[in-house]
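Chemist: Next up is a structure, given as structure tokens.
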Amino acid sequence: MKRKNIISTLACSFVALAFTACTDVWDEHYQPNPELNADETLWELIEGDKEQLSEFAAFLKATGYDTLLTKNRCYTVWAPINGAEFFKNHPIEGATKAQLDEYRKELIENHIADYSHVAGGKLSEDNMVKMLNGKYIRFENESGKTTFKGVPVKVPNVSAKNGVLHKIDGYATFTANIWEQLAKE
């Protein structure tokens with residue numbers, strides 16, 4: 001008799017729980033949120049921001065990375081805003097193939113990483129991100145200030161269909177290893 005009461009009590013509790021779990025709030029939780037679901041690729045975001053990113057977009061286009069940033073692969077881009085020192089010292093117009101290869105390695109691949117790296121909270125154990133050129137760059141968030149190789153992140157965490165865009169106030173200087181430096185000499 002006691003066992004029958006326990007079973008019926010559990011059954012009633014289960015039914016009551018099932019009916020209270022089915023609410024509109026639960027359904028709203030799974031509805032798409034347009035603020036969180038981006039509908040533009042990284043390239044479309046960069047190309048569309050002519051006020052801040054037109055110079056970086058020109059370098060992406062000249063080196064062929066505009067097509068890479070439209071693919072369905074997740075990237076993080078730290079885009080230098082217009083007026084960065086690199087843009088002043090390295091003209092894109094009339095650049096030779098050798099110069100474009102240098103720009104690709106020292107600017108483009110030095111500012112793009114595989115996977116999604118968002119600013120906020122603890123970024124990673126050692127705060128190092130492997131870039132497309134194989135270099136590791138420190139991406140830090142301390143006291144609410146986010147930096148990328150010491151360069152302040154002006155606009156963090158812009159969502160795209162295929163990754164995350166951060167706008168940085170300057171550019172991350174390229175650090176050549178000994179072999180790269182010898183090849184330049």
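As shown in the structure tokens, the chain order sets the letters A, B, ...; within each chain, residues go from 1, and ligands are also counted from 1 in the order they appear.
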As a PDB file with N, CA, C and O atoms, in the first residue's frame, please: the residues near Ile168 in chain A (cut-off 9 Å, only C-alpha atoms, same-chain neighbours under 5 positions excluded).
Modeler:
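Result file follows (result29.pdb):
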ATOM      1  N   TRP A  78      41.253  41.226 -36.463  1.00  0.00           N
ATOM      2  CA  TRP A  78      41.561  42.453 -35.750  1.00  0.00           C
ATOM      3  C   TRP A  78      41.911  43.463 -36.831  1.00  0.00           C
ATOM      4  O   TRP A  78      43.022  43.477 -37.358  1.00  0.00           O
ATOM      5  N   ALA A  79      40.950  44.292 -37.201  1.00  0.00           N
ATOM      6  CA  ALA A  79      41.098  45.201 -38.333  1.00  0.00           C
ATOM      7  C   ALA A  79      41.618  46.563 -37.883  1.00  0.00           C
ATOM      8  O   ALA A  79      40.963  47.248 -37.100  1.00  0.00           O
ATOM      9  N   PRO A  80      42.798  46.966 -38.388  1.00  0.00           N
ATOM     10  CA  PRO A  80      43.299  48.312 -38.082  1.00  0.00           C
ATOM     11  C   PRO A  80      42.410  49.368 -38.734  1.00  0.00           C
ATOM     12  O   PRO A  80      42.048  49.244 -39.896  1.00  0.00           O
ATOM     13  N   ILE A  81      42.072  50.384 -37.964  1.00  0.00           N
ATOM     14  CA  ILE A  81      41.223  51.436 -38.528  1.00  0.00           C
ATOM     15  C   ILE A  81      42.059  52.350 -39.420  1.00  0.00           C
ATOM     16  O   ILE A  81      43.284  52.351 -39.351  1.00  0.00           O
ATOM     17  N   THR A 147      43.330  44.737 -25.373  1.00  0.00           N
ATOM     18  CA  THR A 147      44.407  45.092 -26.293  1.00  0.00           C
ATOM     19  C   THR A 147      44.794  43.879 -27.129  1.00  0.00           C
ATOM     20  O   THR A 147      44.618  42.738 -26.725  1.00  0.00           O
ATOM     21  N   PHE A 148      45.327  44.168 -28.305  1.00  0.00           N
ATOM     22  CA  PHE A 148      45.840  43.160 -29.223  1.00  0.00           C
ATOM     23  C   PHE A 148      47.280  43.540 -29.521  1.00  0.00           C
ATOM     24  O   PHE A 148      47.526  44.540 -30.189  1.00  0.00           O
ATOM     25  N   VAL A 151      47.967  47.049 -28.727  1.00  0.00           N
ATOM     26  CA  VAL A 151      47.162  48.036 -29.468  1.00  0.00           C
ATOM     27  C   VAL A 151      45.737  48.008 -28.914  1.00  0.00           C
ATOM     28  O   VAL A 151      45.127  46.942 -28.836  1.00  0.00           O
ATOM     29  N   PRO A 152      45.189  49.160 -28.515  1.00  0.00           N
ATOM     30  CA  PRO A 152      43.836  49.172 -27.958  1.00  0.00           C
ATOM     31  C   PRO A 152      42.779  48.710 -28.969  1.00  0.00           C
ATOM     32  O   PRO A 152      42.824  49.073 -30.142  1.00  0.00           O
ATOM     33  N   VAL A 153      41.861  47.884 -28.476  1.00  0.00           N
ATOM     34  CA  VAL A 153      40.725  47.460 -29.298  1.00  0.00           C
ATOM     35  C   VAL A 153      39.662  48.535 -29.153  1.00  0.00           C
ATOM     36  O   VAL A 153      39.122  48.759 -28.075  1.00  0.00           O
ATOM     37  N   LYS A 154      39.377  49.215 -30.255  1.00  0.00           N
ATOM     38  CA  LYS A 154      38.434  50.338 -30.240  1.00  0.00           C
ATOM     39  C   LYS A 154      36.982  49.837 -30.218  1.00  0.00           C
ATOM     40  O   LYS A 154      36.169  50.332 -29.456  1.00  0.00           O
ATOM     41  N   VAL A 155      36.665  48.870 -31.082  1.00  0.00           N
ATOM     42  CA  VAL A 155      35.319  48.294 -31.150  1.00  0.00           C
ATOM     43  C   VAL A 155      35.466  46.773 -31.105  1.00  0.00           C
ATOM     44  O   VAL A 155      35.886  46.164 -32.085  1.00  0.00           O
ATOM     45  N   PRO A 156      35.149  46.144 -29.967  1.00  0.00           N
ATOM     46  CA  PRO A 156      35.306  44.696 -29.868  1.00  0.00           C
ATOM     47  C   PRO A 156      34.032  43.942 -30.269  1.00  0.00           C
ATOM     48  O   PRO A 156      32.932  44.504 -30.276  1.00  0.00           O
TER      49      PRO A 156
END
Chemist: Contacts of Ala62 in chain A at 12 Å or less, counting only C-alpha atoms, minus same-chain residues fewer than 6 places along, as a VMD selection string?
Modeler: chain A and resid 55 to 56 91 to 97 99 to 104 108
Chemist: Export, as a short mmCIF file (atom, residue, chain, number, x, y, z; two decimals), in the first residue's frame, the selected residues with all heavy atoms.
Modeler:
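The result, written out as again.cif:
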data_model
loop_
_atom_site.label_atom_id
_atom_site.label_comp_id
_atom_site.auth_asym_id
_atom_site.auth_seq_id
_atom_site.Cartn_x
_atom_site.Cartn_y
_atom_site.Cartn_z
N GLU A 55 40.86 51.42 -45.77
CA GLU A 55 42.26 51.13 -46.08
C GLU A 55 42.58 49.65 -45.87
O GLU A 55 43.25 49.04 -46.70
CB GLU A 55 43.19 52.01 -45.23
CG GLU A 55 43.11 53.48 -45.61
CD GLU A 55 43.97 54.36 -44.72
OE1 GLU A 55 43.92 54.21 -43.48
OE2 GLU A 55 44.68 55.21 -45.28
N PHE A 56 42.10 49.08 -44.79
CA PHE A 56 42.32 47.66 -44.53
C PHE A 56 41.61 46.83 -45.60
O PHE A 56 42.16 45.84 -46.10
CB PHE A 56 41.81 47.29 -43.13
CG PHE A 56 42.11 45.88 -42.72
CD1 PHE A 56 43.42 45.44 -42.59
CD2 PHE A 56 41.08 44.99 -42.45
CE1 PHE A 56 43.70 44.13 -42.19
CE2 PHE A 56 41.35 43.69 -42.05
CZ PHE A 56 42.67 43.26 -41.92
N PRO A 91 52.30 51.90 -49.41
CA PRO A 91 51.23 52.21 -50.37
C PRO A 91 50.76 50.96 -51.11
O PRO A 91 51.57 50.15 -51.55
CB PRO A 91 51.90 53.21 -51.33
CG PRO A 91 53.36 52.94 -51.19
CD PRO A 91 53.59 52.45 -49.80
N ILE A 92 49.47 50.82 -51.23
CA ILE A 92 48.90 49.65 -51.92
C ILE A 92 48.86 49.88 -53.43
O ILE A 92 48.99 48.94 -54.20
CB ILE A 92 47.50 49.31 -51.36
CG1 ILE A 92 47.04 47.93 -51.79
CG2 ILE A 92 46.47 50.33 -51.75
CD1 ILE A 92 47.77 46.82 -51.15
N GLU A 93 48.70 51.13 -53.83
CA GLU A 93 48.65 51.44 -55.26
C GLU A 93 50.03 51.25 -55.88
O GLU A 93 51.02 51.76 -55.38
CB GLU A 93 48.17 52.87 -55.48
CG GLU A 93 46.72 53.07 -55.08
CD GLU A 93 46.26 54.49 -55.29
OE1 GLU A 93 46.86 55.20 -56.12
OE2 GLU A 93 45.30 54.89 -54.62
N GLY A 94 50.07 50.50 -56.95
CA GLY A 94 51.32 50.25 -57.66
C GLY A 94 52.24 49.26 -56.96
O GLY A 94 53.41 49.16 -57.31
N ALA A 95 51.74 48.53 -55.98
CA ALA A 95 52.58 47.56 -55.26
C ALA A 95 52.93 46.38 -56.17
O ALA A 95 52.10 45.91 -56.95
CB ALA A 95 51.85 47.06 -54.02
N THR A 96 54.16 45.92 -56.06
CA THR A 96 54.61 44.77 -56.84
C THR A 96 54.11 43.48 -56.18
O THR A 96 53.63 43.49 -55.05
CB THR A 96 56.15 44.73 -56.90
OG1 THR A 96 56.65 44.52 -55.58
CG2 THR A 96 56.70 46.02 -57.49
N LYS A 97 54.27 42.36 -56.90
CA LYS A 97 53.87 41.06 -56.33
C LYS A 97 54.65 40.77 -55.06
O LYS A 97 54.08 40.28 -54.07
CB LYS A 97 54.06 39.95 -57.35
CG LYS A 97 53.60 38.60 -56.83
CD LYS A 97 53.76 37.53 -57.85
CE LYS A 97 53.38 36.15 -57.41
NZ LYS A 97 53.14 35.87 -56.04
N GLN A 99 55.89 42.95 -52.95
CA GLN A 99 55.36 43.81 -51.89
C GLN A 99 54.02 43.28 -51.38
O GLN A 99 53.76 43.29 -50.18
CB GLN A 99 55.21 45.24 -52.40
CG GLN A 99 56.53 45.96 -52.57
CD GLN A 99 56.36 47.31 -53.24
OE1 GLN A 99 55.59 47.45 -54.21
NE2 GLN A 99 57.08 48.30 -52.74
N LEU A 100 53.16 42.83 -52.30
CA LEU A 100 51.87 42.27 -51.89
C LEU A 100 52.06 41.02 -51.03
O LEU A 100 51.32 40.81 -50.06
CB LEU A 100 51.00 41.95 -53.10
CG LEU A 100 50.44 43.16 -53.85
CD1 LEU A 100 49.69 42.71 -55.10
CD2 LEU A 100 49.54 43.99 -52.95
N ASP A 101 53.05 40.19 -51.35
CA ASP A 101 53.34 39.02 -50.52
C ASP A 101 53.79 39.44 -49.13
O ASP A 101 53.42 38.83 -48.13
CB ASP A 101 54.43 38.15 -51.17
CG ASP A 101 53.92 37.37 -52.37
OD1 ASP A 101 52.69 37.24 -52.53
OD2 ASP A 101 54.76 36.89 -53.17
N GLU A 102 54.58 40.51 -49.07
CA GLU A 102 55.03 41.04 -47.77
C GLU A 102 53.83 41.58 -46.99
O GLU A 102 53.68 41.31 -45.79
CB GLU A 102 56.05 42.15 -48.00
CG GLU A 102 56.53 42.81 -46.73
CD GLU A 102 57.46 43.99 -47.02
OE1 GLU A 102 58.18 43.97 -48.04
OE2 GLU A 102 57.45 44.94 -46.21
N TYR A 103 52.95 42.33 -47.64
CA TYR A 103 51.76 42.88 -46.98
C TYR A 103 50.86 41.75 -46.48
O TYR A 103 50.28 41.85 -45.40
CB TYR A 103 50.96 43.77 -47.94
CG TYR A 103 51.69 44.97 -48.48
CD1 TYR A 103 51.20 45.65 -49.58
CD2 TYR A 103 52.87 45.44 -47.92
CE1 TYR A 103 51.85 46.76 -50.10
CE2 TYR A 103 53.54 46.55 -48.42
CZ TYR A 103 53.02 47.20 -49.52
OH TYR A 103 53.66 48.30 -50.02
N ARG A 104 50.75 40.70 -47.29
CA ARG A 104 49.91 39.56 -46.90
C ARG A 104 50.41 38.95 -45.59
O ARG A 104 49.64 38.71 -44.67
CB ARG A 104 49.91 38.51 -48.01
CG ARG A 104 49.13 37.24 -47.69
CD ARG A 104 49.36 36.14 -48.71
NE ARG A 104 50.75 35.87 -49.01
CZ ARG A 104 51.57 35.14 -48.23
NH1 ARG A 104 51.13 34.64 -47.11
NH2 ARG A 104 52.82 34.92 -48.59
N ILE A 108 48.06 41.32 -43.23
CA ILE A 108 46.82 40.56 -43.29
C ILE A 108 46.86 39.33 -42.39
O ILE A 108 46.03 39.18 -41.49
CB ILE A 108 46.50 40.16 -44.75
CG1 ILE A 108 46.44 41.40 -45.66
CG2 ILE A 108 45.20 39.36 -44.81
CD1 ILE A 108 45.45 42.45 -45.25
#
Chemist: For Glu51 in chain A, which residue among A:Asn110, A:Thr70, A:Thr63, A:Asn82 is the nearest when counting only C-alpha atoms?
Modeler: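 Result for the nearest residue to Glu51 in chain A: A:Asn82.
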Chemist: Let's see if you can do this: from backbone DSSP, list all strand (DSSP E or B) residues in range 73-119 of chain A, as number ranges by chain.
Modeler: A: 75-80, 112-114
Chemist: Keeping only C-alpha atoms, write the selected residues as an mmCIF file, in the first residue's frame.
Modeler:
data_model
loop_
_atom_site.group_PDB
_atom_site.id
_atom_site.type_symbol
_atom_site.label_atom_id
_atom_site.label_comp_id
_atom_site.auth_asym_id
_atom_site.auth_seq_id
_atom_site.Cartn_x
_atom_site.Cartn_y
_atom_site.Cartn_z
ATOM 1 C CA TYR A 75 37.817 33.550 -38.329
ATOM 2 C CA THR A 76 38.618 36.408 -36.001
ATOM 3 C CA VAL A 77 39.844 39.630 -37.607
ATOM 4 C CA TRP A 78 41.561 42.453 -35.750
ATOM 5 C CA ALA A 79 41.098 45.201 -38.333
ATOM 6 C CA PRO A 80 43.299 48.312 -38.082
ATOM 7 C CA ILE A 112 43.524 37.200 -38.787
ATOM 8 C CA ALA A 113 43.212 34.030 -36.713
ATOM 9 C CA ASP A 114 41.268 30.817 -37.086
#
Chemist: Per DSSP on the backbone, filter range 84-182 of chain A down to the residues in helix (DSSP H, G or I) and report them as a PyMOL selection string.
Modeler: chain A and resi 85-89+97-108+178-182
Chemist: Find the distance between CA of Trp43 in chain A and CA of Asp66 in chain A and write it in Å to one decimal.
Modeler: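 It comes out at 5.8 Å.
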Chemist: Skip Gly163 in chain A itself and residues of its chain fewer than 6 positions away, then list as a list in words all residues within 10 Å of it, counting only C-alpha atoms.
Modeler: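 Close residues of Gly163 in chain A: Ala38, Glu40, Thr41, Leu42, Leu69, Asn72, Arg73, Cys74, Tyr75, Thr76, Val77, Ala113, Asp114, Tyr115, Ser116, His117, Val118 and Asn157 of chain A.
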Chemist: With a distance cut-off of 9 Å and only C-alpha atoms, select the neighbouring residues of Glu140 in chain A, excluding the residue or stretch itself and same-chain residues fewer than 2 positions from it, and output the selection as a ChimeraX atom specification.
Modeler: /A:119-120,122-124,127-128,138,142,145-150
Chemist: Write to file, as a compact mmCIF listing (two decimals), in the first residue's frame, the residues of the selection just made, with all heavy atoms.
Modeler:
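Printed below is part-v7.txt as written:
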# COMPACT_ATOMS: atom_id res chain seq x y z
N ALA A 119 36.42 39.27 -27.01
CA ALA A 119 36.96 40.06 -25.91
C ALA A 119 35.98 40.00 -24.75
O ALA A 119 34.78 40.10 -24.93
CB ALA A 119 37.17 41.50 -26.35
N GLY A 120 36.51 39.86 -23.58
CA GLY A 120 35.67 39.84 -22.38
C GLY A 120 36.03 38.66 -21.51
O GLY A 120 36.31 37.57 -22.00
N LYS A 122 38.08 36.17 -19.06
CA LYS A 122 39.42 35.61 -19.24
C LYS A 122 39.50 35.07 -20.66
O LYS A 122 38.73 34.20 -21.05
CB LYS A 122 39.66 34.50 -18.22
CG LYS A 122 41.06 33.97 -18.29
CD LYS A 122 41.34 33.03 -17.15
CE LYS A 122 42.67 32.46 -17.44
NZ LYS A 122 43.58 32.17 -16.59
N LEU A 123 40.42 35.55 -21.44
CA LEU A 123 40.47 35.23 -22.86
C LEU A 123 41.02 33.83 -23.10
O LEU A 123 40.43 33.05 -23.81
CB LEU A 123 41.30 36.27 -23.61
CG LEU A 123 40.70 37.68 -23.54
CD1 LEU A 123 41.64 38.69 -24.15
CD2 LEU A 123 39.37 37.72 -24.24
N SER A 124 42.15 33.51 -22.55
CA SER A 124 42.71 32.17 -22.64
C SER A 124 43.74 32.04 -21.53
O SER A 124 44.06 33.02 -20.87
CB SER A 124 43.34 31.91 -24.01
OG SER A 124 44.52 32.67 -24.16
N ASN A 127 46.67 33.95 -22.94
CA ASN A 127 46.27 35.12 -23.75
C ASN A 127 46.96 35.19 -25.10
O ASN A 127 47.06 36.26 -25.68
CB ASN A 127 46.52 36.43 -22.99
CG ASN A 127 45.69 36.54 -21.74
OD1 ASN A 127 44.62 35.95 -21.65
ND2 ASN A 127 46.18 37.26 -20.77
N MET A 128 47.46 34.08 -25.60
CA MET A 128 48.15 34.08 -26.89
C MET A 128 47.23 33.46 -27.95
O MET A 128 46.60 32.44 -27.73
CB MET A 128 49.45 33.28 -26.81
CG MET A 128 50.44 33.85 -25.81
SD MET A 128 50.96 35.53 -26.16
CE MET A 128 52.23 35.23 -27.35
N ARG A 138 49.56 38.32 -28.32
CA ARG A 138 48.85 38.44 -27.04
C ARG A 138 47.57 39.26 -27.22
O ARG A 138 47.60 40.37 -27.73
CB ARG A 138 49.77 39.10 -26.01
CG ARG A 138 49.21 39.09 -24.61
CD ARG A 138 50.23 39.56 -23.59
NE ARG A 138 51.42 38.72 -23.54
CZ ARG A 138 51.49 37.53 -22.92
NH1 ARG A 138 50.45 37.06 -22.30
NH2 ARG A 138 52.61 36.85 -22.92
N GLU A 142 42.27 43.33 -19.52
CA GLU A 142 42.55 43.61 -18.12
C GLU A 142 41.90 44.92 -17.72
O GLU A 142 42.04 45.92 -18.42
CB GLU A 142 44.06 43.67 -17.87
CG GLU A 142 44.74 42.33 -18.02
CD GLU A 142 46.22 42.39 -17.66
OE1 GLU A 142 46.63 43.32 -16.94
OE2 GLU A 142 46.95 41.50 -18.13
N LYS A 145 40.00 46.93 -20.24
CA LYS A 145 40.72 47.42 -21.42
C LYS A 145 41.23 46.22 -22.21
O LYS A 145 42.02 45.43 -21.71
CB LYS A 145 41.88 48.32 -21.01
CG LYS A 145 41.43 49.60 -20.35
CD LYS A 145 42.59 50.46 -19.97
CE LYS A 145 42.09 51.71 -19.28
NZ LYS A 145 43.18 52.55 -18.80
N THR A 146 40.79 46.12 -23.44
CA THR A 146 41.19 45.02 -24.30
C THR A 146 42.25 45.51 -25.27
O THR A 146 42.09 46.56 -25.89
CB THR A 146 39.98 44.46 -25.06
OG1 THR A 146 38.96 44.13 -24.11
CG2 THR A 146 40.34 43.22 -25.83
N THR A 147 43.33 44.74 -25.37
CA THR A 147 44.41 45.09 -26.29
C THR A 147 44.79 43.88 -27.13
O THR A 147 44.62 42.74 -26.72
CB THR A 147 45.66 45.60 -25.55
OG1 THR A 147 46.12 44.58 -24.66
CG2 THR A 147 45.38 46.87 -24.78
N PHE A 148 45.33 44.17 -28.30
CA PHE A 148 45.84 43.16 -29.22
C PHE A 148 47.28 43.54 -29.52
O PHE A 148 47.53 44.54 -30.19
CB PHE A 148 44.98 43.14 -30.50
CG PHE A 148 45.43 42.17 -31.54
CD1 PHE A 148 45.31 40.81 -31.34
CD2 PHE A 148 45.98 42.62 -32.73
CE1 PHE A 148 45.73 39.91 -32.30
CE2 PHE A 148 46.39 41.74 -33.70
CZ PHE A 148 46.26 40.38 -33.48
N LYS A 149 48.22 42.78 -28.96
CA LYS A 149 49.65 43.08 -29.02
C LYS A 149 49.92 44.53 -28.58
O LYS A 149 50.68 45.27 -29.20
CB LYS A 149 50.22 42.83 -30.41
CG LYS A 149 51.75 42.74 -30.43
CD LYS A 149 52.31 42.30 -31.74
CE LYS A 149 53.82 42.17 -31.63
NZ LYS A 149 54.42 41.72 -32.87
N GLY A 150 49.24 44.92 -27.51
CA GLY A 150 49.42 46.25 -26.94
C GLY A 150 48.61 47.35 -27.62
O GLY A 150 48.58 48.48 -27.13
